[in-house]
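Below is one structure, written out as structure tokens; the observations come after it.
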Amino acid sequence: SQAPPGQRPPSVATAHTMESAVLGMSVPFHIYLPPSYRDNEARRYPVIYWLHGTNGNSARGGAMIGGLFDRLMKAGRIPEAIVAFPDGLKTSMWVNSADGAVPMERFIMEEFVPMIDAQYRTIATPSGRLIEGGSMGGYGAGRLGLKYVDTFGAVSMLSPGPLQPVLDPENAPIVGRDHATRMINDVYGGDLDYFRAQSPWHLATTLNEEQRHGMRLRMIVGASDPVLPFNKQFSAHLDTLGVPHTLTVIPDVGHDPRAFFMALARSDVYVSFFAELAPVDTVSE
């Protein structure tokens, strides 16, 4: 339906909450169910796990990205899939904080993914799970995807950061020095060794030969995005390690989510990555 002038259209992703024993709190999340989900209760679907960026939330991701996926699926440009939007509490970096106060990685892997498989008709295999995110969420998708290759079969990193091996607050092009300093202290306990241990840069070095070639990995970044040099550096690092991947640079786009996703919606490069998601499965009753 059309929204009144000046208002956003209603989200196609529905709002939910779950009780997290790991985080010790009620955590919001959003779910997008594909067009045919309610038509046949015997059908199972792959899941796209979508991680938001700094100061984002599941509601914003569900509205913007849920709408994008809805249009792409209804147009037949990508396979039908469930899209799950966990809430990363704005600045968690999708890691277990060094002080143990916000074990976000444990929440995702021990509670959120199992809950999605239990409550929805998923294809609960690596080939049926793709993890994607933007900015901080691109960093999170990269690190979780590289660390849990037996859970996620495909990793999509959009405008991801920080990807540098050492985080220097004086060279934090998106969040700036003050925010980067707070993040290092609040999330990583002021310990740059802990930052390195959590980083996609380091986690890529832990992959064995079978794991390197058993997953699909892609990065997409705007040509005017300040994180582009770090993405190129990370791509070269993956080449050195022999990790197959693609790096796509979108012309005339910076670190602007709305402009970036409008460009992605028109991009065959973006949608083609979803073609290898596990197909919709029909289970016997």
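Chain labels run A, B, ... following the order of the structure tokens; each chain numbers its residues from 1, and ligands are numbered from 1 in the order shown.
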Near range 79-98 of chain A, 8 Å: range 109-209 of chain A residue rows, closest pairs, only C-alpha atoms, as a Markdown table:
```
| residue | atom | partner | partner_atom | distance |
| --- | --- | --- | --- | --- |
| A:Phe112 | CA | A:Pro86 | CA | 7.6 |
| A:Ile116 | CA | A:Ala84 | CA | 7.8 |
| A:Thr122 | CA | A:Ile82 | CA | 7.7 |
| A:Met136 | CA | A:Met93 | CA | 6.0 |
| A:Gly137 | CA | A:Met93 | CA | 7.4 |
| A:Tyr139 | CA | A:Met93 | CA | 7.6 |
| A:Gly140 | CA | A:Trp94 | CA | 5.2 |
| A:Met183 | CA | A:Thr91 | CA | 7.6 |
| A:Asp186 | CA | A:Ser97 | CA | 7.4 |
| A:Val187 | CA | A:Ser97 | CA | 4.6 |
| A:Tyr188 | CA | A:Ala98 | CA | 5.0 |
| A:Gly189 | CA | A:Ala98 | CA | 5.3 |
| A:Tyr194 | CA | A:Ala98 | CA | 7.4 |
| A:Gln198 | CA | A:Val95 | CA | 7.2 |
```
>> Please list as a VMD selection string every residue within 12 Å of Pro34 in chain A, counting only C-alpha atoms and excluding residues in the same chain fewer than 5 positions away.
In response: chain A and resid 12 to 14 39 to 40 43 to 48 66 to 67 69 to 76 78 to 84 120 to 122 280
Exercise for review: Enumerate, as a ChimeraX atom specification, the complete set of residues in range 23-263 of chain A that a backbone-based DSSP assignment places in alpha helix (DSSP H).
Suggested key: /A:58-74,104-106,113-119,136-147,176-186,192-198,200-205,209-213,228-241,257-263
CA of Pro279 in chain A to CA of Phe107 in chain A, distance in Å rounded to a single decimal
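Here the two named atoms are 27.4 Å from each other.
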Using only C-alpha atoms, the best pick from A:Asp117, A:Asp225, A:Glu132, A:Glu105 as closest to Gly53 in chain A would be A:Glu132
Worksheet entry | Residues within 8 Å of Phe230 in chain A, only C-alpha atoms, excluding chain neighbours under 2 positions, as a ChimeraX atom specification | /A:161-164,227-228,232-234
Who sits within 8 Å of His255 in chain A, only C-alpha atoms, same chain under 6 positions skipped, as a PyMOL selection string: chain A and resi 159+174+222+224-226
**OP:** Could you check how far CA of His52 in chain A sits from CA of Arg38 in chain A, in Å to one decimal?
**Re:**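 Going from CA of His52 in chain A over to CA of Arg38 in chain A covers 26.8 Å.
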Quiz prompt | Members of range 15-159 of chain A assigned strand (DSSP E) by DSSP, as a PyMOL selection string | solution = chain A and resi 15-20+25-32+43-44+47-51+82-86+129-134+154-158
Please dump the current selection as a JSON list (two decimals), in the first residue's frame; keep N, CA and C atoms.
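Everything below was put into result09.json:
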```json
[["chain", "number", "residue", "atom", "x", "y", "z"],
["A", 15, "ALA", "N", 7.60, -7.40, 13.44],
["A", 15, "ALA", "CA", 8.38, -7.21, 14.66],
["A", 15, "ALA", "C", 8.08, -8.30, 15.68],
["A", 16, "HIS", "N", 9.13, -8.77, 16.34],
["A", 16, "HIS", "CA", 9.01, -9.81, 17.35],
["A", 16, "HIS", "C", 10.04, -9.52, 18.45],
["A", 17, "THR", "N", 9.94, -10.24, 19.54],
["A", 17, "THR", "CA", 10.96, -10.21, 20.59],
["A", 17, "THR", "C", 11.25, -11.63, 21.04],
["A", 18, "MET", "N", 12.44, -11.83, 21.57],
["A", 18, "MET", "CA", 12.78, -13.12, 22.16],
["A", 18, "MET", "C", 13.54, -12.87, 23.45],
["A", 19, "GLU", "N", 13.37, -13.78, 24.39],
["A", 19, "GLU", "CA", 14.09, -13.68, 25.65],
["A", 19, "GLU", "C", 15.45, -14.34, 25.49],
["A", 20, "SER", "N", 16.49, -13.60, 25.79],
["A", 20, "SER", "CA", 17.85, -14.10, 25.65],
["A", 20, "SER", "C", 18.46, -14.36, 27.02],
["A", 25, "MET", "N", 18.23, -10.31, 28.62],
["A", 25, "MET", "CA", 17.26, -9.27, 28.30],
["A", 25, "MET", "C", 16.34, -9.76, 27.19],
["A", 26, "SER", "N", 15.27, -9.01, 26.96],
["A", 26, "SER", "CA", 14.39, -9.25, 25.84],
["A", 26, "SER", "C", 14.96, -8.53, 24.62],
["A", 27, "VAL", "N", 15.11, -9.23, 23.51],
["A", 27, "VAL", "CA", 15.79, -8.68, 22.34],
["A", 27, "VAL", "C", 14.82, -8.62, 21.17],
["A", 28, "PRO", "N", 14.69, -7.46, 20.53],
["A", 28, "PRO", "CA", 13.81, -7.37, 19.36],
["A", 28, "PRO", "C", 14.45, -7.99, 18.13],
["A", 29, "PHE", "N", 13.61, -8.45, 17.22],
["A", 29, "PHE", "CA", 14.08, -8.87, 15.91],
["A", 29, "PHE", "C", 12.93, -8.72, 14.93],
["A", 30, "HIS", "N", 13.26, -8.73, 13.65],
["A", 30, "HIS", "CA", 12.25, -8.64, 12.60],
["A", 30, "HIS", "C", 12.40, -9.81, 11.65],
["A", 31, "ILE", "N", 11.29, -10.23, 11.06],
["A", 31, "ILE", "CA", 11.29, -11.35, 10.13],
["A", 31, "ILE", "C", 10.52, -10.97, 8.87],
["A", 32, "TYR", "N", 11.12, -11.26, 7.73],
["A", 32, "TYR", "CA", 10.42, -11.17, 6.45],
["A", 32, "TYR", "C", 10.16, -12.60, 5.96],
["A", 43, "ARG", "N", 6.55, -26.52, 2.59],
["A", 43, "ARG", "CA", 7.74, -25.94, 1.95],
["A", 43, "ARG", "C", 8.68, -25.34, 2.98],
["A", 44, "ARG", "N", 9.97, -25.56, 2.74],
["A", 44, "ARG", "CA", 11.01, -24.97, 3.58],
["A", 44, "ARG", "C", 11.84, -24.01, 2.73],
["A", 47, "VAL", "N", 17.50, -19.12, 4.49],
["A", 47, "VAL", "CA", 17.42, -17.94, 5.35],
["A", 47, "VAL", "C", 18.58, -17.00, 5.04],
["A", 48, "ILE", "N", 18.24, -15.72, 4.88],
["A", 48, "ILE", "CA", 19.24, -14.67, 4.80],
["A", 48, "ILE", "C", 19.27, -13.97, 6.15],
["A", 49, "TYR", "N", 20.40, -14.04, 6.83],
["A", 49, "TYR", "CA", 20.57, -13.33, 8.10],
["A", 49, "TYR", "C", 21.18, -11.96, 7.79],
["A", 50, "TRP", "N", 20.45, -10.90, 8.19],
["A", 50, "TRP", "CA", 20.87, -9.55, 7.79],
["A", 50, "TRP", "C", 21.24, -8.72, 9.01],
["A", 51, "LEU", "N", 22.50, -8.26, 9.06],
["A", 51, "LEU", "CA", 23.06, -7.54, 10.21],
["A", 51, "LEU", "C", 23.16, -6.04, 9.91],
["A", 82, "ILE", "N", 13.47, -16.68, 3.60],
["A", 82, "ILE", "CA", 13.18, -15.97, 4.84],
["A", 82, "ILE", "C", 14.33, -15.00, 5.08],
["A", 83, "VAL", "N", 14.02, -13.80, 5.55],
["A", 83, "VAL", "CA", 15.08, -12.84, 5.91],
["A", 83, "VAL", "C", 14.92, -12.52, 7.39],
["A", 84, "ALA", "N", 15.97, -12.78, 8.16],
["A", 84, "ALA", "CA", 15.94, -12.58, 9.61],
["A", 84, "ALA", "C", 16.83, -11.40, 9.97],
["A", 85, "PHE", "N", 16.27, -10.46, 10.72],
["A", 85, "PHE", "CA", 16.97, -9.24, 11.12],
["A", 85, "PHE", "C", 17.16, -9.23, 12.64],
["A", 86, "PRO", "N", 18.29, -9.71, 13.15],
["A", 86, "PRO", "CA", 18.55, -9.59, 14.59],
["A", 86, "PRO", "C", 18.91, -8.16, 14.94],
["A", 129, "ARG", "N", 21.81, -21.14, 4.35],
["A", 129, "ARG", "CA", 22.00, -19.93, 5.17],
["A", 129, "ARG", "C", 23.01, -19.00, 4.51],
["A", 130, "LEU", "N", 22.61, -17.76, 4.32],
["A", 130, "LEU", "CA", 23.50, -16.70, 3.84],
["A", 130, "LEU", "C", 23.50, -15.60, 4.88],
["A", 131, "ILE", "N", 24.67, -15.09, 5.21],
["A", 131, "ILE", "CA", 24.76, -13.98, 6.16],
["A", 131, "ILE", "C", 25.26, -12.75, 5.43],
["A", 132, "GLU", "N", 24.53, -11.64, 5.62],
["A", 132, "GLU", "CA", 24.84, -10.40, 4.92],
["A", 132, "GLU", "C", 24.66, -9.24, 5.90],
["A", 133, "GLY", "N", 25.36, -8.15, 5.65],
["A", 133, "GLY", "CA", 25.18, -6.96, 6.48],
["A", 133, "GLY", "C", 25.86, -5.77, 5.84],
["A", 134, "GLY", "N", 25.53, -4.59, 6.37],
["A", 134, "GLY", "CA", 26.09, -3.36, 5.86],
["A", 134, "GLY", "C", 26.89, -2.61, 6.91],
["A", 154, "ALA", "N", 27.34, -18.94, 2.71],
["A", 154, "ALA", "CA", 27.62, -17.78, 1.86],
["A", 154, "ALA", "C", 27.69, -16.53, 2.72],
["A", 155, "VAL", "N", 28.62, -15.64, 2.37],
["A", 155, "VAL", "CA", 28.88, -14.43, 3.15],
["A", 155, "VAL", "C", 28.87, -13.24, 2.20],
["A", 156, "SER", "N", 28.07, -12.24, 2.53],
["A", 156, "SER", "CA", 27.96, -11.04, 1.70],
["A", 156, "SER", "C", 28.24, -9.82, 2.56],
["A", 157, "MET", "N", 29.32, -9.11, 2.25],
["A", 157, "MET", "CA", 29.78, -7.97, 3.05],
["A", 157, "MET", "C", 29.56, -6.70, 2.23],
["A", 158, "LEU", "N", 28.68, -5.83, 2.71],
["A", 158, "LEU", "CA", 28.32, -4.61, 2.00],
["A", 158, "LEU", "C", 28.90, -3.40, 2.73]]
```
